[in-house]
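A.B. asks: Dropping a structure here in structure tokens format, bear with me for questions.
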Amino acid sequence: ILILNDRGGVSHERLIAARACGLAARILQIVAKQNRELVAYGLPELELGIGIAYHNGPPRYLFDGQHRITISPAINRADRLSACNWSIRKWHEIHGKGSDHIEVYTPSPNAMGHGEKAQKDMVFNLNGILVEEAVYQRIVTELTPKKIQNPLPGIQQSSLYAFQFPDLAGTSHHLVIRQAPYHFFDPECPVDACEAVENRFFYEVIHRREMLDQLKKHH
């Protein structure tokens, strides 16, 4: 768990959302590099989903003796965003659909008939970065978004937005965020044929080098 606090009036700390996303992207790029080495030695790959949430309020603390523990409702939300739902993962595997991007589902009536709970977001986050809408809205107050062409196969229903931000040393970095619709989860429906949920969207940080390189060729 990593908590970044926005300290009002300190200009260099006003980009907490963008920098949190950039840090998460760097973490998973390191994981991907490590996985390539693990595969070469026939070892199991690392799996790490990251969720980023934002709470617009001061932090609160519990104390264990002299040790201060930060508590925030954003921690629980980030934990749910980092998950990989067992039903969804099994469904993808049955249909032979490995995925290099995040998907978020809501259960269909048929899925609820198979034991899924109503109004429960079902996250497929396998080595991805899922940010809640409040984080995205915070980023667009920090930086100016630029909508870019989407040449990436498999996510043509998505909109892509590019941002540029400096780190604390002044070095500039690029950030690409995908806005994509929720889909209905039906265990009897093929993965690629599920209907989109109207007016419900999620936000994913694009971090995989091959996808970023492909975007660079078009922009």
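Every chain in the structure tokens has a letter given in the order shown (A, B, ...), and although residue numbers restart at 1 in each chain, ligands are simply numbered from 1 in the order shown.
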Using only C-alpha atoms, what table do you get, as a tab-separated table, when you list each residue of range 166-207 of chain A with an atom no more than 12 Å from range 139-145 of chain A, its nearest pair of atoms, and their distance in Å rounded to one decimal, rows by chain then rising number?
C.D. replies:
residue	atom	partner	partner_atom	distance
A:Pro166	CA	A:Leu143	CA	10.5
A:His174	CA	A:Pro145	CA	11.1
A:Leu175	CA	A:Pro145	CA	9.8
A:Val176	CA	A:Pro145	CA	9.3
A:Ile177	CA	A:Pro145	CA	9.5
A:Arg178	CA	A:Pro145	CA	11.7
A:Tyr203	CA	A:Ile139	CA	11.6
A:Val205	CA	A:Ile139	CA	11.9
A.B. asks: Name all residues at most 10 Å from Asn5 in chain A (count only C-alpha atoms; drop same-chain ones fewer than 4 positions away) and give them as a list of chain:residue names.
C.D. replies: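 With the cut-off at 10 Å, the set is A:Glu13, A:Arg14, A:Ile16, A:Ala17, A:Tyr54, A:His55, A:Gly57, A:Pro58, A:Pro59.
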A.B. asks: Please list as an MDAnalysis selection string every residue within 12 Å of Ile94 in chain A, counting only C-alpha atoms and excluding residues in the same chain fewer than 3 positions away.
C.D. replies: chainID A and resid 87:91 97:98 187:191
A.B. asks: What lies within 9 Å of Val123 in chain A using only C-alpha atoms, ignoring chain neighbours under 2 positions off, as number ranges by chain?
C.D. replies: A: 80-85, 88, 102-106, 121, 125
A.B. asks: Please, could you write that set of residues out with N, CA and C atoms as a PDB file, in the first residue's frame?
C.D. replies:
ATOM      1  N   ARG A  80      -9.947  -3.382  -4.167  1.00  0.00           N
ATOM      2  CA  ARG A  80     -10.921  -4.020  -5.067  1.00  0.00           C
ATOM      3  C   ARG A  80     -10.535  -3.801  -6.529  1.00  0.00           C
ATOM      4  N   LEU A  81      -9.972  -2.633  -6.843  1.00  0.00           N
ATOM      5  CA  LEU A  81      -9.555  -2.355  -8.223  1.00  0.00           C
ATOM      6  C   LEU A  81      -8.378  -3.229  -8.656  1.00  0.00           C
ATOM      7  N   SER A  82      -7.588  -3.674  -7.698  1.00  0.00           N
ATOM      8  CA  SER A  82      -6.393  -4.473  -8.029  1.00  0.00           C
ATOM      9  C   SER A  82      -6.703  -5.954  -8.189  1.00  0.00           C
ATOM     10  N   ALA A  83      -7.964  -6.330  -8.010  1.00  0.00           N
ATOM     11  CA  ALA A  83      -8.327  -7.745  -7.963  1.00  0.00           C
ATOM     12  C   ALA A  83      -8.446  -8.367  -9.353  1.00  0.00           C
ATOM     13  N   CYS A  84      -8.442  -9.694  -9.365  1.00  0.00           N
ATOM     14  CA  CYS A  84      -8.750 -10.447 -10.578  1.00  0.00           C
ATOM     15  C   CYS A  84      -9.826 -11.456 -10.190  1.00  0.00           C
ATOM     16  N   ASN A  85     -11.085 -11.138 -10.528  1.00  0.00           N
ATOM     17  CA  ASN A  85     -12.225 -11.956 -10.120  1.00  0.00           C
ATOM     18  C   ASN A  85     -12.078 -13.391 -10.607  1.00  0.00           C
ATOM     19  N   ILE A  88     -14.458 -14.467 -13.517  1.00  0.00           N
ATOM     20  CA  ILE A  88     -14.079 -13.853 -14.792  1.00  0.00           C
ATOM     21  C   ILE A  88     -12.804 -14.486 -15.335  1.00  0.00           C
ATOM     22  N   ILE A 102      -7.100  -4.641 -19.110  1.00  0.00           N
ATOM     23  CA  ILE A 102      -8.111  -4.809 -18.063  1.00  0.00           C
ATOM     24  C   ILE A 102      -9.500  -4.819 -18.671  1.00  0.00           C
ATOM     25  N   GLU A 103     -10.400  -5.567 -18.041  1.00  0.00           N
ATOM     26  CA  GLU A 103     -11.823  -5.495 -18.350  1.00  0.00           C
ATOM     27  C   GLU A 103     -12.595  -5.440 -17.031  1.00  0.00           C
ATOM     28  N   VAL A 104     -13.716  -4.731 -17.059  1.00  0.00           N
ATOM     29  CA  VAL A 104     -14.593  -4.668 -15.888  1.00  0.00           C
ATOM     30  C   VAL A 104     -16.005  -5.035 -16.336  1.00  0.00           C
ATOM     31  N   TYR A 105     -16.650  -5.893 -15.577  1.00  0.00           N
ATOM     32  CA  TYR A 105     -17.964  -6.419 -15.939  1.00  0.00           C
ATOM     33  C   TYR A 105     -18.973  -6.146 -14.825  1.00  0.00           C
ATOM     34  N   THR A 106     -20.231  -6.177 -15.219  1.00  0.00           N
ATOM     35  CA  THR A 106     -21.325  -6.229 -14.258  1.00  0.00           C
ATOM     36  C   THR A 106     -22.126  -7.485 -14.573  1.00  0.00           C
ATOM     37  N   ASP A 121     -19.290  -5.027  -9.164  1.00  0.00           N
ATOM     38  CA  ASP A 121     -18.320  -4.907 -10.246  1.00  0.00           C
ATOM     39  C   ASP A 121     -17.380  -6.101 -10.218  1.00  0.00           C
ATOM     40  N   ASN A 125      -8.163  -7.904 -13.646  1.00  0.00           N
ATOM     41  CA  ASN A 125      -6.956  -7.086 -13.604  1.00  0.00           C
ATOM     42  C   ASN A 125      -5.766  -8.009 -13.367  1.00  0.00           C
TER      43      ASN A 125
END
A.B. asks: List the neighbours of Ala32 in chain A out to 9 Å using only C-alpha atoms; skip same-chain residues closer than 5 positions along the sequence, and give me the result as a list of chain:residue names.
C.D. replies: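 Within the cut-off, the hits are A:Ile27, A:Glu37, A:Glu45, A:Leu46, A:Asn127, A:Arg208.
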A.B. asks: Just asking: which residues within chain A are helix (DSSP H, G or I) according to DSSP, as an MDAnalysis selection string?
C.D. replies: chainID A and resid 11:13 16:40 73:81 86:94 109:113 133:142 191:193 209:218
A.B. asks: Name the residues in contact with Ile155 in chain A at a cut-off of 10 Å, using only C-alpha atoms, excluding same-chain residues fewer than 3 positions from it; report them as an NGL selection string.
C.D. replies: :A and (101-103 or 150-152 or 158-160 or 178-180)
A.B. asks: May I have the residues from that selection written out with N, CA, C and O atoms, as a PDB file, in the first residue's frame?
C.D. replies:
ATOM      1  N   HIS A 101      -4.971  -6.552 -21.320  1.00  0.00           N
ATOM      2  CA  HIS A 101      -5.572  -5.316 -20.838  1.00  0.00           C
ATOM      3  C   HIS A 101      -6.665  -5.655 -19.824  1.00  0.00           C
ATOM      4  O   HIS A 101      -7.091  -6.798 -19.704  1.00  0.00           O
ATOM      5  N   ILE A 102      -7.100  -4.641 -19.110  1.00  0.00           N
ATOM      6  CA  ILE A 102      -8.111  -4.809 -18.063  1.00  0.00           C
ATOM      7  C   ILE A 102      -9.500  -4.819 -18.671  1.00  0.00           C
ATOM      8  O   ILE A 102      -9.764  -4.159 -19.674  1.00  0.00           O
ATOM      9  N   GLU A 103     -10.400  -5.567 -18.041  1.00  0.00           N
ATOM     10  CA  GLU A 103     -11.823  -5.495 -18.350  1.00  0.00           C
ATOM     11  C   GLU A 103     -12.595  -5.440 -17.031  1.00  0.00           C
ATOM     12  O   GLU A 103     -12.163  -6.025 -16.029  1.00  0.00           O
ATOM     13  N   ASN A 150      -6.657   5.531 -31.721  1.00  0.00           N
ATOM     14  CA  ASN A 150      -6.498   4.214 -31.110  1.00  0.00           C
ATOM     15  C   ASN A 150      -6.260   3.152 -32.186  1.00  0.00           C
ATOM     16  O   ASN A 150      -7.196   2.672 -32.808  1.00  0.00           O
ATOM     17  N   PRO A 151      -4.997   2.752 -32.385  1.00  0.00           N
ATOM     18  CA  PRO A 151      -4.689   1.711 -33.376  1.00  0.00           C
ATOM     19  C   PRO A 151      -4.579   0.318 -32.755  1.00  0.00           C
ATOM     20  O   PRO A 151      -4.242  -0.639 -33.456  1.00  0.00           O
ATOM     21  N   LEU A 152      -4.855   0.200 -31.461  1.00  0.00           N
ATOM     22  CA  LEU A 152      -4.578  -1.057 -30.752  1.00  0.00           C
ATOM     23  C   LEU A 152      -5.688  -2.074 -30.986  1.00  0.00           C
ATOM     24  O   LEU A 152      -6.857  -1.803 -30.693  1.00  0.00           O
ATOM     25  N   SER A 158     -12.470   1.480 -27.090  1.00  0.00           N
ATOM     26  CA  SER A 158     -11.871   2.350 -26.082  1.00  0.00           C
ATOM     27  C   SER A 158     -11.436   3.683 -26.661  1.00  0.00           C
ATOM     28  O   SER A 158     -11.081   3.785 -27.840  1.00  0.00           O
ATOM     29  N   SER A 159     -11.417   4.704 -25.799  1.00  0.00           N
ATOM     30  CA  SER A 159     -10.831   6.004 -26.125  1.00  0.00           C
ATOM     31  C   SER A 159      -9.525   6.135 -25.368  1.00  0.00           C
ATOM     32  O   SER A 159      -9.417   5.708 -24.208  1.00  0.00           O
ATOM     33  N   LEU A 160      -8.520   6.710 -26.023  1.00  0.00           N
ATOM     34  CA  LEU A 160      -7.203   6.864 -25.405  1.00  0.00           C
ATOM     35  C   LEU A 160      -6.879   8.339 -25.226  1.00  0.00           C
ATOM     36  O   LEU A 160      -7.101   9.153 -26.127  1.00  0.00           O
ATOM     37  N   ARG A 178      -6.668   4.733 -20.868  1.00  0.00           N
ATOM     38  CA  ARG A 178      -7.733   4.161 -21.686  1.00  0.00           C
ATOM     39  C   ARG A 178      -9.073   4.293 -20.964  1.00  0.00           C
ATOM     40  O   ARG A 178      -9.201   3.916 -19.804  1.00  0.00           O
ATOM     41  N   GLN A 179     -10.040   4.855 -21.658  1.00  0.00           N
ATOM     42  CA  GLN A 179     -11.421   4.879 -21.172  1.00  0.00           C
ATOM     43  C   GLN A 179     -12.206   3.830 -21.954  1.00  0.00           C
ATOM     44  O   GLN A 179     -12.246   3.868 -23.182  1.00  0.00           O
ATOM     45  N   ALA A 180     -12.802   2.879 -21.239  1.00  0.00           N
ATOM     46  CA  ALA A 180     -13.479   1.768 -21.910  1.00  0.00           C
ATOM     47  C   ALA A 180     -14.787   1.450 -21.206  1.00  0.00           C
ATOM     48  O   ALA A 180     -14.932   1.687 -20.002  1.00  0.00           O
TER      49      ALA A 180
END
A.B. asks: Restricting the calculation to only C-alpha atoms, which member of A:Asp6, A:Phe185, A:Val197, A:Ala18 is positioned closest to Met112 in chain A?
C.D. replies: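 Closest residue, counting only C-alpha atoms: A:Phe185.
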A.B. asks: Would you list, as a PyMOL selection string, the residues of range 98-155 of chain A that end up in strand (DSSP E) under DSSP run on this structure's backbone?
C.D. replies: chain A and resi 103-107+122-124+129-131+146-148
A.B. asks: Return the single residue from A:Gly49, A:Arg209, A:Phe184, A:Lys217 that is closest to Asn110 in chain A, with distances computed using only C-alpha atoms.
C.D. replies: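 Going through A:Gly49, A:Arg209, A:Phe184, A:Lys217 one by one, the smallest distance to Asn110 in chain A is for A:Phe184.
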A.B. asks: Just the residues within 9 Å of Arg60 in chain A, please, counting only C-alpha atoms, with nothing from its chain fewer than 4 positions along; format it as a ChimeraX atom specification.
C.D. replies: /A:69-72
A.B. asks: My list of candidates is A:Asp167, A:Asp186, A:Asp213, A:Asp192. Which is closest to Ala20 in chain A when distances are computed with only C-alpha atoms?
C.D. replies: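 Closest residue, counting only C-alpha atoms: A:Asp167.
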A.B. asks: Mind giving me the straight-line distance from CA of Leu4 in chain A to CA of Thr171 in chain A in Å, one decimal?
C.D. replies: 19.4 Å
A.B. asks: Looking at A:Gln214, A:Asn56, A:Gln66, A:Asn199, which one is nearest to Arg138 in chain A, with distances taken over only C-alpha atoms?
C.D. replies: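 Checking each of A:Gln214, A:Asn56, A:Gln66, A:Asn199 against Arg138 in chain A, counting only C-alpha atoms, the winner is A:Asn56.
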